[in-house]
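Asker: Contents are PDB, N, CA and C atoms; file name upload.pdb:
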```pdb
ATOM      1  N   MET A 226      40.826 210.019  14.950
ATOM      2  CA  MET A 226      41.138 208.701  15.492
ATOM      3  C   MET A 226      39.865 208.121  16.114
ATOM      4  N   GLY A 227      39.526 206.907  15.778
ATOM      5  CA  GLY A 227      38.308 206.261  16.259
ATOM      6  C   GLY A 227      38.458 205.696  17.657
ATOM      7  N   LYS A 228      37.333 205.329  18.209
ATOM      8  CA  LYS A 228      37.320 204.723  19.541
ATOM      9  C   LYS A 228      37.840 203.295  19.458
ATOM     10  N   ASP A 229      38.531 202.871  20.519
ATOM     11  CA  ASP A 229      38.932 201.469  20.567
ATOM     12  C   ASP A 229      37.810 200.642  21.190
ATOM     13  N   LYS A 230      37.975 199.339  21.197
ATOM     14  CA  LYS A 230      36.919 198.427  21.675
ATOM     15  C   LYS A 230      36.505 198.738  23.109
ATOM     16  N   LYS A 231      37.491 199.022  23.936
ATOM     17  CA  LYS A 231      37.215 199.299  25.342
ATOM     18  C   LYS A 231      36.361 200.556  25.488
ATOM     19  N   ASP A 232      36.684 201.619  24.740
ATOM     20  CA  ASP A 232      35.907 202.856  24.806
ATOM     21  C   ASP A 232      34.467 202.633  24.357
ATOM     22  N   ILE A 233      34.291 201.819  23.333
ATOM     23  CA  ILE A 233      32.946 201.520  22.832
ATOM     24  C   ILE A 233      32.135 200.771  23.886
ATOM     25  N   ILE A 234      32.757 199.785  24.504
ATOM     26  CA  ILE A 234      32.073 199.008  25.544
ATOM     27  C   ILE A 234      31.612 199.914  26.677
ATOM     28  N   ILE A 235      32.474 200.822  27.091
ATOM     29  CA  ILE A 235      32.133 201.718  28.200
ATOM     30  C   ILE A 235      31.068 202.727  27.781
ATOM     31  N   SER A 236      31.244 203.366  26.632
ATOM     32  CA  SER A 236      30.300 204.409  26.218
ATOM     33  C   SER A 236      28.915 203.849  25.913
ATOM     34  N   GLU A 237      28.844 202.606  25.473
ATOM     35  CA  GLU A 237      27.555 201.988  25.158
ATOM     36  C   GLU A 237      26.964 201.215  26.335
ATOM     37  N   LYS A 238      27.571 201.365  27.511
ATOM     38  CA  LYS A 238      27.103 200.700  28.739
ATOM     39  C   LYS A 238      26.919 199.199  28.528
ATOM     40  N   ARG A 239      27.940 198.562  27.973
ATOM     41  CA  ARG A 239      27.892 197.118  27.757
ATOM     42  C   ARG A 239      28.362 196.329  28.971
ATOM     43  N   VAL A 240      28.821 197.025  30.002
ATOM     44  CA  VAL A 240      29.200 196.377  31.254
ATOM     45  C   VAL A 240      27.935 196.278  32.098
ATOM     46  N   LYS A 241      27.599 195.060  32.493
ATOM     47  CA  LYS A 241      26.333 194.838  33.195
ATOM     48  C   LYS A 241      26.572 194.125  34.528
ATOM     49  N   LEU A 242      25.935 194.661  35.541
ATOM     50  CA  LEU A 242      25.959 194.049  36.871
ATOM     51  C   LEU A 242      24.563 193.522  37.144
ATOM     52  N   HIS A 243      24.453 192.224  37.285
ATOM     53  CA  HIS A 243      23.180 191.563  37.558
ATOM     54  C   HIS A 243      23.129 191.296  39.062
ATOM     55  N   ILE A 244      22.167 191.908  39.728
ATOM     56  CA  ILE A 244      22.022 191.745  41.177
ATOM     57  C   ILE A 244      20.748 190.967  41.461
ATOM     58  N   PHE A 245      20.883 189.954  42.294
ATOM     59  CA  PHE A 245      19.748 189.100  42.653
ATOM     60  C   PHE A 245      19.309 189.437  44.075
ATOM     61  N   THR A 246      18.006 189.610  44.235
ATOM     62  CA  THR A 246      17.486 190.009  45.538
ATOM     63  C   THR A 246      16.560 188.942  46.105
ATOM     64  N   PRO A 247      16.535 188.792  47.385
ATOM     65  CA  PRO A 247      17.143 189.635  48.412
ATOM     66  C   PRO A 247      18.577 189.244  48.798
ATOM     67  N   SER A 248      19.145 188.218  48.201
ATOM     68  CA  SER A 248      20.470 187.742  48.625
ATOM     69  C   SER A 248      21.599 188.713  48.300
ATOM     70  N   ARG A 249      21.418 189.578  47.306
ATOM     71  CA  ARG A 249      22.433 190.523  46.823
ATOM     72  C   ARG A 249      23.585 189.822  46.100
ATOM     73  N   ARG A 250      23.370 188.587  45.633
ATOM     74  CA  ARG A 250      24.380 187.915  44.805
ATOM     75  C   ARG A 250      24.575 188.731  43.540
ATOM     76  N   GLN A 251      25.795 188.702  43.019
ATOM     77  CA  GLN A 251      26.110 189.493  41.841
ATOM     78  C   GLN A 251      26.769 188.645  40.768
ATOM     79  N   ILE A 252      26.408 188.930  39.536
ATOM     80  CA  ILE A 252      27.079 188.349  38.373
ATOM     81  C   ILE A 252      27.363 189.496  37.417
ATOM     82  N   TRP A 253      28.616 189.603  37.009
ATOM     83  CA  TRP A 253      29.027 190.618  36.040
ATOM     84  C   TRP A 253      29.089 189.988  34.656
ATOM     85  N   THR A 254      28.578 190.711  33.668
ATOM     86  CA  THR A 254      28.748 190.293  32.276
ATOM     87  C   THR A 254      29.165 191.509  31.467
ATOM     88  N   ILE A 255      29.694 191.233  30.305
ATOM     89  CA  ILE A 255      30.075 192.298  29.392
ATOM     90  C   ILE A 255      29.692 191.870  27.987
ATOM     91  N   VAL A 256      29.069 192.756  27.263
ATOM     92  CA  VAL A 256      28.689 192.464  25.894
ATOM     93  C   VAL A 256      29.853 192.892  25.012
ATOM     94  N   GLY A 257      30.545 191.893  24.490
ATOM     95  CA  GLY A 257      31.687 192.157  23.629
ATOM     96  C   GLY A 257      31.235 192.407  22.201
ATOM     97  N   MET A 258      32.153 192.292  21.280
ATOM     98  CA  MET A 258      31.842 192.547  19.879
ATOM     99  C   MET A 258      31.037 191.404  19.255
ATOM    100  N   GLY A 259      31.150 190.211  19.822
ATOM    101  CA  GLY A 259      30.448 189.079  19.240
ATOM    102  C   GLY A 259      29.423 188.423  20.141
ATOM    103  N   LYS A 260      29.671 188.420  21.445
ATOM    104  CA  LYS A 260      28.759 187.763  22.368
ATOM    105  C   LYS A 260      28.946 188.307  23.773
ATOM    106  N   GLU A 261      28.152 187.789  24.693
ATOM    107  CA  GLU A 261      28.226 188.225  26.086
ATOM    108  C   GLU A 261      29.161 187.299  26.859
ATOM    109  N   TYR A 262      29.986 187.893  27.713
ATOM    110  CA  TYR A 262      30.965 187.135  28.480
ATOM    111  C   TYR A 262      30.721 187.310  29.976
ATOM    112  N   TRP A 263      31.061 186.269  30.712
ATOM    113  CA  TRP A 263      30.992 186.313  32.163
ATOM    114  C   TRP A 263      32.318 186.856  32.663
ATOM    115  N   ILE A 264      32.247 187.803  33.579
ATOM    116  CA  ILE A 264      33.432 188.447  34.132
ATOM    117  C   ILE A 264      33.398 188.298  35.647
ATOM    118  N   ASP A 265      34.542 188.011  36.243
ATOM    119  CA  ASP A 265      34.659 188.064  37.697
ATOM    120  C   ASP A 265      35.817 189.005  38.014
ATOM    121  N   PRO A 266      35.522 190.274  38.267
ATOM    122  CA  PRO A 266      36.601 191.239  38.500
ATOM    123  C   PRO A 266      37.431 190.937  39.739
ATOM    124  N   ASP A 267      36.846 190.282  40.737
ATOM    125  CA  ASP A 267      37.610 189.942  41.950
ATOM    126  C   ASP A 267      38.678 188.894  41.669
ATOM    127  N   LEU A 268      38.414 188.024  40.711
ATOM    128  CA  LEU A 268      39.366 186.967  40.356
ATOM    129  C   LEU A 268      40.151 187.291  39.090
ATOM    130  N   ASP A 269      39.921 188.474  38.511
ATOM    131  CA  ASP A 269      40.519 188.846  37.218
ATOM    132  C   ASP A 269      40.274 187.764  36.178
ATOM    133  N   TYR A 270      39.004 187.366  36.048
ATOM    134  CA  TYR A 270      38.621 186.301  35.124
ATOM    135  C   TYR A 270      37.618 186.822  34.088
ATOM    136  N   CYS A 271      37.789 186.355  32.866
ATOM    137  CA  CYS A 271      36.838 186.623  31.793
ATOM    138  C   CYS A 271      36.661 185.332  31.005
ATOM    139  N   SER A 272      35.456 185.084  30.536
ATOM    140  CA  SER A 272      35.197 183.834  29.811
ATOM    141  C   SER A 272      35.534 183.918  28.320
ATOM    142  N   CYS A 273      36.106 185.028  27.856
ATOM    143  CA  CYS A 273      36.424 185.164  26.426
ATOM    144  C   CYS A 273      37.664 184.352  26.051
ATOM    145  N   GLU A 274      37.793 184.062  24.768
ATOM    146  CA  GLU A 274      38.941 183.299  24.263
ATOM    147  C   GLU A 274      40.243 184.077  24.428
ATOM    148  N   GLY A 275      40.170 185.401  24.279
ATOM    149  CA  GLY A 275      41.370 186.224  24.423
ATOM    150  C   GLY A 275      41.992 186.096  25.800
ATOM    151  N   TYR A 276      41.144 186.020  26.814
ATOM    152  CA  TYR A 276      41.632 185.839  28.175
ATOM    153  C   TYR A 276      42.313 184.482  28.303
ATOM    154  N   TYR A 277      41.656 183.449  27.829
ATOM    155  CA  TYR A 277      42.175 182.086  27.934
ATOM    156  C   TYR A 277      43.532 181.944  27.242
ATOM    157  N   PHE A 278      43.587 182.349  25.990
ATOM    158  CA  PHE A 278      44.836 182.193  25.244
ATOM    159  C   PHE A 278      45.922 183.145  25.739
ATOM    160  N   GLY A 279      45.523 184.315  26.207
ATOM    161  CA  GLY A 279      46.497 185.238  26.782
ATOM    162  C   GLY A 279      47.131 184.679  28.043
ATOM    163  N   ARG A 280      46.327 184.034  28.871
ATOM    164  CA  ARG A 280      46.860 183.428  30.101
ATOM    165  C   ARG A 280      47.799 182.269  29.785
ATOM    166  N   LEU A 281      47.480 181.508  28.737
ATOM    167  CA  LEU A 281      48.373 180.412  28.345
ATOM    168  C   LEU A 281      49.751 180.928  27.938
ATOM    169  N   LYS A 282      49.773 182.116  27.361
ATOM    170  CA  LYS A 282      51.030 182.695  26.863
ATOM    171  C   LYS A 282      51.609 183.729  27.820
ATOM    172  N   ASN A 283      51.060 183.800  29.040
ATOM    173  CA  ASN A 283      51.503 184.758  30.054
ATOM    174  C   ASN A 283      51.478 186.198  29.546
ATOM    175  N   LYS A 284      50.431 186.523  28.795
ATOM    176  CA  LYS A 284      50.279 187.884  28.288
ATOM    177  C   LYS A 284      49.311 188.654  29.174
ATOM    178  N   LYS A 285      49.105 189.916  28.816
ATOM    179  CA  LYS A 285      48.231 190.767  29.622
ATOM    180  C   LYS A 285      46.784 190.291  29.565
ATOM    181  N   MET A 286      45.990 190.830  30.459
ATOM    182  CA  MET A 286      44.572 190.487  30.526
ATOM    183  C   MET A 286      43.847 190.973  29.271
ATOM    184  N   CYS A 287      42.670 190.461  29.041
ATOM    185  CA  CYS A 287      41.859 190.885  27.893
ATOM    186  C   CYS A 287      41.300 192.295  28.125
ATOM    187  N   TYR A 288      40.871 192.918  27.053
ATOM    188  CA  TYR A 288      40.339 194.272  27.164
ATOM    189  C   TYR A 288      39.008 194.324  27.912
ATOM    190  N   HIS A 289      38.328 193.189  28.036
ATOM    191  CA  HIS A 289      37.075 193.171  28.799
ATOM    192  C   HIS A 289      37.332 193.501  30.276
ATOM    193  N   LEU A 290      38.385 192.935  30.838
ATOM    194  CA  LEU A 290      38.704 193.204  32.246
ATOM    195  C   LEU A 290      39.098 194.660  32.454
ATOM    196  N   ASP A 291      39.845 195.220  31.511
ATOM    197  CA  ASP A 291      40.168 196.643  31.593
ATOM    198  C   ASP A 291      38.896 197.480  31.495
ATOM    199  N   SER A 292      37.993 197.067  30.619
ATOM    200  CA  SER A 292      36.742 197.809  30.412
ATOM    201  C   SER A 292      35.890 197.839  31.670
ATOM    202  N   ILE A 293      35.792 196.700  32.346
ATOM    203  CA  ILE A 293      34.938 196.646  33.535
ATOM    204  C   ILE A 293      35.506 197.529  34.646
ATOM    205  N   LYS A 294      36.814 197.563  34.762
ATOM    206  CA  LYS A 294      37.428 198.406  35.794
ATOM    207  C   LYS A 294      37.192 199.890  35.505
ATOM    208  N   GLU A 295      37.382 200.280  34.257
ATOM    209  CA  GLU A 295      37.181 201.683  33.888
ATOM    210  C   GLU A 295      35.707 202.088  33.960
ATOM    211  N   ALA A 296      34.822 201.214  33.522
ATOM    212  CA  ALA A 296      33.386 201.511  33.570
ATOM    213  C   ALA A 296      32.915 201.652  35.013
ATOM    214  N   ASN A 297      33.447 200.826  35.878
ATOM    215  CA  ASN A 297      33.092 200.892  37.294
ATOM    216  C   ASN A 297      33.576 202.209  37.901
ATOM    217  N   LEU A 298      34.801 202.610  37.581
ATOM    218  CA  LEU A 298      35.328 203.879  38.089
ATOM    219  C   LEU A 298      34.519 205.074  37.580
ATOM    220  N   ALA A 299      34.067 204.982  36.329
ATOM    221  CA  ALA A 299      33.288 206.062  35.720
ATOM    222  C   ALA A 299      31.804 205.969  36.074
ATOM    223  N   ASN A 300      31.444 204.949  36.837
ATOM    224  CA  ASN A 300      30.041 204.689  37.179
ATOM    225  C   ASN A 300      29.182 204.623  35.912
ATOM    226  N   ASN A 301      29.700 203.915  34.922
ATOM    227  CA  ASN A 301      29.030 203.793  33.634
ATOM    228  C   ASN A 301      28.706 202.325  33.364
ATOM    229  N   ILE A 302      27.958 201.728  34.284
ATOM    230  CA  ILE A 302      27.555 200.332  34.161
ATOM    231  C   ILE A 302      26.037 200.257  34.176
ATOM    232  N   GLU A 303      25.524 199.204  33.607
ATOM    233  CA  GLU A 303      24.080 198.978  33.670
ATOM    234  C   GLU A 303      23.816 197.969  34.777
ATOM    235  N   VAL A 304      22.964 198.358  35.721
ATOM    236  CA  VAL A 304      22.606 197.483  36.834
ATOM    237  C   VAL A 304      21.225 196.908  36.542
ATOM    238  N   ILE A 305      21.138 195.591  36.597
ATOM    239  CA  ILE A 305      19.883 194.891  36.321
ATOM    240  C   ILE A 305      19.551 194.051  37.549
ATOM    241  N   THR A 306      18.336 194.188  38.042
ATOM    242  CA  THR A 306      17.922 193.480  39.253
ATOM    243  C   THR A 306      17.007 192.312  38.895
ATOM    244  N   PHE A 307      17.293 191.191  39.516
ATOM    245  CA  PHE A 307      16.502 189.978  39.342
ATOM    246  C   PHE A 307      16.094 189.458  40.712
ATOM    247  N   SER A 308      15.156 188.567  40.716
ATOM    248  CA  SER A 308      14.760 187.868  41.933
ATOM    249  C   SER A 308      15.706 186.683  42.143
ATOM    250  N   ASP A 309      15.916 186.320  43.391
ATOM    251  CA  ASP A 309      16.736 185.138  43.677
ATOM    252  C   ASP A 309      16.195 183.888  42.984
ATOM    253  N   SER A 310      14.912 183.826  42.789
ATOM    254  CA  SER A 310      14.316 182.650  42.130
ATOM    255  C   SER A 310      14.772 182.528  40.672
ATOM    256  N   GLU A 311      15.298 183.597  40.104
ATOM    257  CA  GLU A 311      15.769 183.578  38.717
ATOM    258  C   GLU A 311      17.260 183.266  38.603
ATOM    259  N   TYR A 312      17.951 183.174  39.721
ATOM    260  CA  TYR A 312      19.408 183.017  39.739
ATOM    261  C   TYR A 312      19.883 181.781  38.974
ATOM    262  N   TYR A 313      19.344 180.629  39.290
ATOM    263  CA  TYR A 313      19.826 179.392  38.667
ATOM    264  C   TYR A 313      19.538 179.342  37.174
ATOM    265  N   ASP A 314      18.376 179.825  36.754
ATOM    266  CA  ASP A 314      18.074 179.870  35.324
ATOM    267  C   ASP A 314      18.998 180.841  34.607
ATOM    268  N   PHE A 315      19.284 181.983  35.235
ATOM    269  CA  PHE A 315      20.198 182.955  34.633
ATOM    270  C   PHE A 315      21.588 182.339  34.485
ATOM    271  N   LEU A 316      22.063 181.731  35.558
ATOM    272  CA  LEU A 316      23.391 181.113  35.541
ATOM    273  C   LEU A 316      23.457 179.990  34.506
ATOM    274  N   LYS A 317      22.424 179.204  34.435
ATOM    275  CA  LYS A 317      22.366 178.103  33.474
ATOM    276  C   LYS A 317      22.440 178.629  32.034
ATOM    277  N   SER A 318      21.699 179.682  31.723
ATOM    278  CA  SER A 318      21.723 180.218  30.369
ATOM    279  C   SER A 318      23.064 180.888  30.060
ATOM    280  N   LEU A 319      23.664 181.523  31.057
ATOM    281  CA  LEU A 319      24.979 182.143  30.865
ATOM    282  C   LEU A 319      26.045 181.091  30.589
ATOM    283  N   LEU A 320      26.029 180.021  31.355
ATOM    284  CA  LEU A 320      27.016 178.957  31.173
ATOM    285  C   LEU A 320      26.809 178.188  29.871
ATOM    286  N   ALA A 321      25.582 178.099  29.405
ATOM    287  CA  ALA A 321      25.309 177.401  28.156
ATOM    288  C   ALA A 321      25.938 178.110  26.958
ATOM    289  N   GLU A 322      26.178 179.414  27.097
ATOM    290  CA  GLU A 322      26.753 180.183  26.003
ATOM    291  C   GLU A 322      28.280 180.118  25.981
ATOM    292  N   LEU A 323      28.885 179.577  27.010
ATOM    293  CA  LEU A 323      30.354 179.535  27.073
ATOM    294  C   LEU A 323      30.913 178.531  26.141
TER     295      LEU A 323
END
```
Take the structure in the file and give it back as structure tokens.
Answerer:
Amino acid sequence: MGKDKKDIIISEKRVKLHIFTPSRRQIWTIVGMGKEYWIDPDLDYCSCEGYYFGRLKNKKMCYHLDSIKEANLANNIEVITFSDSEYYDFLKSLLAEL
């Protein structure tokens, strides 16, 4: 039996925590099968289409949100540090992909 999408995301460390210093602001992203998505685990939000359409139909959350929770518990995330001066450019490029 093969790995499911969530297992692949976790094993390949596709869950990324971007930390900006010195403010310690955080942005979570996840590299899905097709593109990178913005995740907010505190708000149970994902920028993928599956999340959007699932919420419209009152269905369960997308597998990206499950992946981030499991990867965090397993301490299997990639942490990337940036300078605060890079925050707005990073956010701008992330939002441009949505």
Asker: Applied to this file, what does the PyMOL selection byres ((chain A and resi 238-246) around 8) return in terms of residues, put as a ChimeraX atom specification?
Answerer: /A:232-237,247-257,292-293,296-297,301-312
Asker: Could you give me, as a tab-separated table, every stretch 287-318 of chain A residue with an atom at most 12 Å from stretch 270-274 of chain A, plus its closest atom pair and distance in Å to one decimal, counting only C-alpha atoms, rows ordered by chain then number?
Answerer:
```
residue	atom	partner	partner_atom	distance
A:Cys287	CA	A:Cys271	CA	7.7
A:Tyr288	CA	A:Cys271	CA	9.6
A:His289	CA	A:Cys271	CA	7.2
A:Leu290	CA	A:Cys271	CA	6.9
A:Asp291	CA	A:Cys271	CA	10.6
A:Ser292	CA	A:Cys271	CA	11.3
A:Ile293	CA	A:Cys271	CA	10.3
```
Asker: From the options A:Ala321, A:Leu281, A:Ile264, A:Leu316, which residue's atoms come nearest to A:Lys294, counting only C-alpha atoms?
Answerer: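 Using only C-alpha atoms, A:Lys294 sits closest to A:Ile264.
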Asker: Write out as a PyMOL selection string the set of residues from chain A that DSSP, computed on the backbone, places in strand (DSSP E).
Answerer: chain A and resi 240-246+250-256+261-265+270-271+303-308
Asker: Name the residues of stretch 227-322 of chain A that come out as alpha helix (DSSP H) in a backbone DSSP run; write them as a PDB file with N, CA and C atoms, in the frame of the given file.
Answerer:
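File produced: states-v7.pdb:
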```pdb
ATOM      1  N   LYS A 230      37.975 199.339  21.197  1.00  0.00           N
ATOM      2  CA  LYS A 230      36.919 198.427  21.675  1.00  0.00           C
ATOM      3  C   LYS A 230      36.505 198.738  23.109  1.00  0.00           C
ATOM      4  N   LYS A 231      37.491 199.022  23.936  1.00  0.00           N
ATOM      5  CA  LYS A 231      37.215 199.299  25.342  1.00  0.00           C
ATOM      6  C   LYS A 231      36.361 200.556  25.488  1.00  0.00           C
ATOM      7  N   ASP A 232      36.684 201.619  24.740  1.00  0.00           N
ATOM      8  CA  ASP A 232      35.907 202.856  24.806  1.00  0.00           C
ATOM      9  C   ASP A 232      34.467 202.633  24.357  1.00  0.00           C
ATOM     10  N   ILE A 233      34.291 201.819  23.333  1.00  0.00           N
ATOM     11  CA  ILE A 233      32.946 201.520  22.832  1.00  0.00           C
ATOM     12  C   ILE A 233      32.135 200.771  23.886  1.00  0.00           C
ATOM     13  N   ILE A 234      32.757 199.785  24.504  1.00  0.00           N
ATOM     14  CA  ILE A 234      32.073 199.008  25.544  1.00  0.00           C
ATOM     15  C   ILE A 234      31.612 199.914  26.677  1.00  0.00           C
ATOM     16  N   ILE A 235      32.474 200.822  27.091  1.00  0.00           N
ATOM     17  CA  ILE A 235      32.133 201.718  28.200  1.00  0.00           C
ATOM     18  C   ILE A 235      31.068 202.727  27.781  1.00  0.00           C
ATOM     19  N   SER A 236      31.244 203.366  26.632  1.00  0.00           N
ATOM     20  CA  SER A 236      30.300 204.409  26.218  1.00  0.00           C
ATOM     21  C   SER A 236      28.915 203.849  25.913  1.00  0.00           C
ATOM     22  N   GLU A 274      37.793 184.062  24.768  1.00  0.00           N
ATOM     23  CA  GLU A 274      38.941 183.299  24.263  1.00  0.00           C
ATOM     24  C   GLU A 274      40.243 184.077  24.428  1.00  0.00           C
ATOM     25  N   GLY A 275      40.170 185.401  24.279  1.00  0.00           N
ATOM     26  CA  GLY A 275      41.370 186.224  24.423  1.00  0.00           C
ATOM     27  C   GLY A 275      41.992 186.096  25.800  1.00  0.00           C
ATOM     28  N   TYR A 276      41.144 186.020  26.814  1.00  0.00           N
ATOM     29  CA  TYR A 276      41.632 185.839  28.175  1.00  0.00           C
ATOM     30  C   TYR A 276      42.313 184.482  28.303  1.00  0.00           C
ATOM     31  N   TYR A 277      41.656 183.449  27.829  1.00  0.00           N
ATOM     32  CA  TYR A 277      42.175 182.086  27.934  1.00  0.00           C
ATOM     33  C   TYR A 277      43.532 181.944  27.242  1.00  0.00           C
ATOM     34  N   PHE A 278      43.587 182.349  25.990  1.00  0.00           N
ATOM     35  CA  PHE A 278      44.836 182.193  25.244  1.00  0.00           C
ATOM     36  C   PHE A 278      45.922 183.145  25.739  1.00  0.00           C
ATOM     37  N   GLY A 279      45.523 184.315  26.207  1.00  0.00           N
ATOM     38  CA  GLY A 279      46.497 185.238  26.782  1.00  0.00           C
ATOM     39  C   GLY A 279      47.131 184.679  28.043  1.00  0.00           C
ATOM     40  N   ARG A 280      46.327 184.034  28.871  1.00  0.00           N
ATOM     41  CA  ARG A 280      46.860 183.428  30.101  1.00  0.00           C
ATOM     42  C   ARG A 280      47.799 182.269  29.785  1.00  0.00           C
ATOM     43  N   LEU A 281      47.480 181.508  28.737  1.00  0.00           N
ATOM     44  CA  LEU A 281      48.373 180.412  28.345  1.00  0.00           C
ATOM     45  C   LEU A 281      49.751 180.928  27.938  1.00  0.00           C
ATOM     46  N   TYR A 288      40.871 192.918  27.053  1.00  0.00           N
ATOM     47  CA  TYR A 288      40.339 194.272  27.164  1.00  0.00           C
ATOM     48  C   TYR A 288      39.008 194.324  27.912  1.00  0.00           C
ATOM     49  N   HIS A 289      38.328 193.189  28.036  1.00  0.00           N
ATOM     50  CA  HIS A 289      37.075 193.171  28.799  1.00  0.00           C
ATOM     51  C   HIS A 289      37.332 193.501  30.276  1.00  0.00           C
ATOM     52  N   LEU A 290      38.385 192.935  30.838  1.00  0.00           N
ATOM     53  CA  LEU A 290      38.704 193.204  32.246  1.00  0.00           C
ATOM     54  C   LEU A 290      39.098 194.660  32.454  1.00  0.00           C
ATOM     55  N   ASP A 291      39.845 195.220  31.511  1.00  0.00           N
ATOM     56  CA  ASP A 291      40.168 196.643  31.593  1.00  0.00           C
ATOM     57  C   ASP A 291      38.896 197.480  31.495  1.00  0.00           C
ATOM     58  N   SER A 292      37.993 197.067  30.619  1.00  0.00           N
ATOM     59  CA  SER A 292      36.742 197.809  30.412  1.00  0.00           C
ATOM     60  C   SER A 292      35.890 197.839  31.670  1.00  0.00           C
ATOM     61  N   ILE A 293      35.792 196.700  32.346  1.00  0.00           N
ATOM     62  CA  ILE A 293      34.938 196.646  33.535  1.00  0.00           C
ATOM     63  C   ILE A 293      35.506 197.529  34.646  1.00  0.00           C
ATOM     64  N   LYS A 294      36.814 197.563  34.762  1.00  0.00           N
ATOM     65  CA  LYS A 294      37.428 198.406  35.794  1.00  0.00           C
ATOM     66  C   LYS A 294      37.192 199.890  35.505  1.00  0.00           C
ATOM     67  N   GLU A 295      37.382 200.280  34.257  1.00  0.00           N
ATOM     68  CA  GLU A 295      37.181 201.683  33.888  1.00  0.00           C
ATOM     69  C   GLU A 295      35.707 202.088  33.960  1.00  0.00           C
ATOM     70  N   ALA A 296      34.822 201.214  33.522  1.00  0.00           N
ATOM     71  CA  ALA A 296      33.386 201.511  33.570  1.00  0.00           C
ATOM     72  C   ALA A 296      32.915 201.652  35.013  1.00  0.00           C
ATOM     73  N   ASN A 297      33.447 200.826  35.878  1.00  0.00           N
ATOM     74  CA  ASN A 297      33.092 200.892  37.294  1.00  0.00           C
ATOM     75  C   ASN A 297      33.576 202.209  37.901  1.00  0.00           C
ATOM     76  N   LEU A 298      34.801 202.610  37.581  1.00  0.00           N
ATOM     77  CA  LEU A 298      35.328 203.879  38.089  1.00  0.00           C
ATOM     78  C   LEU A 298      34.519 205.074  37.580  1.00  0.00           C
ATOM     79  N   TYR A 312      17.951 183.174  39.721  1.00  0.00           N
ATOM     80  CA  TYR A 312      19.408 183.017  39.739  1.00  0.00           C
ATOM     81  C   TYR A 312      19.883 181.781  38.974  1.00  0.00           C
ATOM     82  N   TYR A 313      19.344 180.629  39.290  1.00  0.00           N
ATOM     83  CA  TYR A 313      19.826 179.392  38.667  1.00  0.00           C
ATOM     84  C   TYR A 313      19.538 179.342  37.174  1.00  0.00           C
ATOM     85  N   ASP A 314      18.376 179.825  36.754  1.00  0.00           N
ATOM     86  CA  ASP A 314      18.074 179.870  35.324  1.00  0.00           C
ATOM     87  C   ASP A 314      18.998 180.841  34.607  1.00  0.00           C
ATOM     88  N   PHE A 315      19.284 181.983  35.235  1.00  0.00           N
ATOM     89  CA  PHE A 315      20.198 182.955  34.633  1.00  0.00           C
ATOM     90  C   PHE A 315      21.588 182.339  34.485  1.00  0.00           C
ATOM     91  N   LEU A 316      22.063 181.731  35.558  1.00  0.00           N
ATOM     92  CA  LEU A 316      23.391 181.113  35.541  1.00  0.00           C
ATOM     93  C   LEU A 316      23.457 179.990  34.506  1.00  0.00           C
ATOM     94  N   LYS A 317      22.424 179.204  34.435  1.00  0.00           N
ATOM     95  CA  LYS A 317      22.366 178.103  33.474  1.00  0.00           C
ATOM     96  C   LYS A 317      22.440 178.629  32.034  1.00  0.00           C
ATOM     97  N   SER A 318      21.699 179.682  31.723  1.00  0.00           N
ATOM     98  CA  SER A 318      21.723 180.218  30.369  1.00  0.00           C
ATOM     99  C   SER A 318      23.064 180.888  30.060  1.00  0.00           C
ATOM    100  N   LEU A 319      23.664 181.523  31.057  1.00  0.00           N
ATOM    101  CA  LEU A 319      24.979 182.143  30.865  1.00  0.00           C
ATOM    102  C   LEU A 319      26.045 181.091  30.589  1.00  0.00           C
ATOM    103  N   LEU A 320      26.029 180.021  31.355  1.00  0.00           N
ATOM    104  CA  LEU A 320      27.016 178.957  31.173  1.00  0.00           C
ATOM    105  C   LEU A 320      26.809 178.188  29.871  1.00  0.00           C
ATOM    106  N   ALA A 321      25.582 178.099  29.405  1.00  0.00           N
ATOM    107  CA  ALA A 321      25.309 177.401  28.156  1.00  0.00           C
ATOM    108  C   ALA A 321      25.938 178.110  26.958  1.00  0.00           C
TER     109      ALA A 321
END
```
Asker: Quick one: pull the distance between atom N of A:Lys260 and atom N of A:Asp314, Å, one decimal.
Answerer: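 So the answer is 20.9 Å.
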Asker: Please indicate the distance in Å from atom CA of A:Leu268 to atom N of A:Asp229, rounded to one decimal place.
Answerer: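 Rounded to one decimal, the two atoms are 25.4 Å apart.
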Asker: Starting from the incomplete input, reconstruct N, CA, C and O atoms of stretch 255-260 of chain A and write that as a PDB file, keeping the file's coordinate frame.
Answerer:
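What landed in rebuild24.pdb:
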```pdb
ATOM      1  N   ILE A 255      29.694 191.233  30.305  1.00  0.00           N
ATOM      2  CA  ILE A 255      30.075 192.298  29.392  1.00  0.00           C
ATOM      3  C   ILE A 255      29.692 191.870  27.987  1.00  0.00           C
ATOM      4  O   ILE A 255      29.924 190.717  27.607  1.00  0.00           O
ATOM      5  N   VAL A 256      29.069 192.756  27.263  1.00  0.00           N
ATOM      6  CA  VAL A 256      28.689 192.464  25.894  1.00  0.00           C
ATOM      7  C   VAL A 256      29.853 192.892  25.012  1.00  0.00           C
ATOM      8  O   VAL A 256      30.125 194.082  24.852  1.00  0.00           O
ATOM      9  N   GLY A 257      30.545 191.893  24.490  1.00  0.00           N
ATOM     10  CA  GLY A 257      31.687 192.157  23.629  1.00  0.00           C
ATOM     11  C   GLY A 257      31.235 192.407  22.201  1.00  0.00           C
ATOM     12  O   GLY A 257      30.069 192.679  21.928  1.00  0.00           O
ATOM     13  N   MET A 258      32.153 192.292  21.280  1.00  0.00           N
ATOM     14  CA  MET A 258      31.842 192.547  19.879  1.00  0.00           C
ATOM     15  C   MET A 258      31.037 191.404  19.255  1.00  0.00           C
ATOM     16  O   MET A 258      30.322 191.606  18.299  1.00  0.00           O
ATOM     17  N   GLY A 259      31.150 190.211  19.822  1.00  0.00           N
ATOM     18  CA  GLY A 259      30.448 189.079  19.240  1.00  0.00           C
ATOM     19  C   GLY A 259      29.423 188.423  20.141  1.00  0.00           C
ATOM     20  O   GLY A 259      28.419 187.904  19.667  1.00  0.00           O
ATOM     21  N   LYS A 260      29.671 188.420  21.445  1.00  0.00           N
ATOM     22  CA  LYS A 260      28.759 187.763  22.368  1.00  0.00           C
ATOM     23  C   LYS A 260      28.946 188.307  23.773  1.00  0.00           C
ATOM     24  O   LYS A 260      29.804 189.142  24.004  1.00  0.00           O
TER      25      LYS A 260
END
```
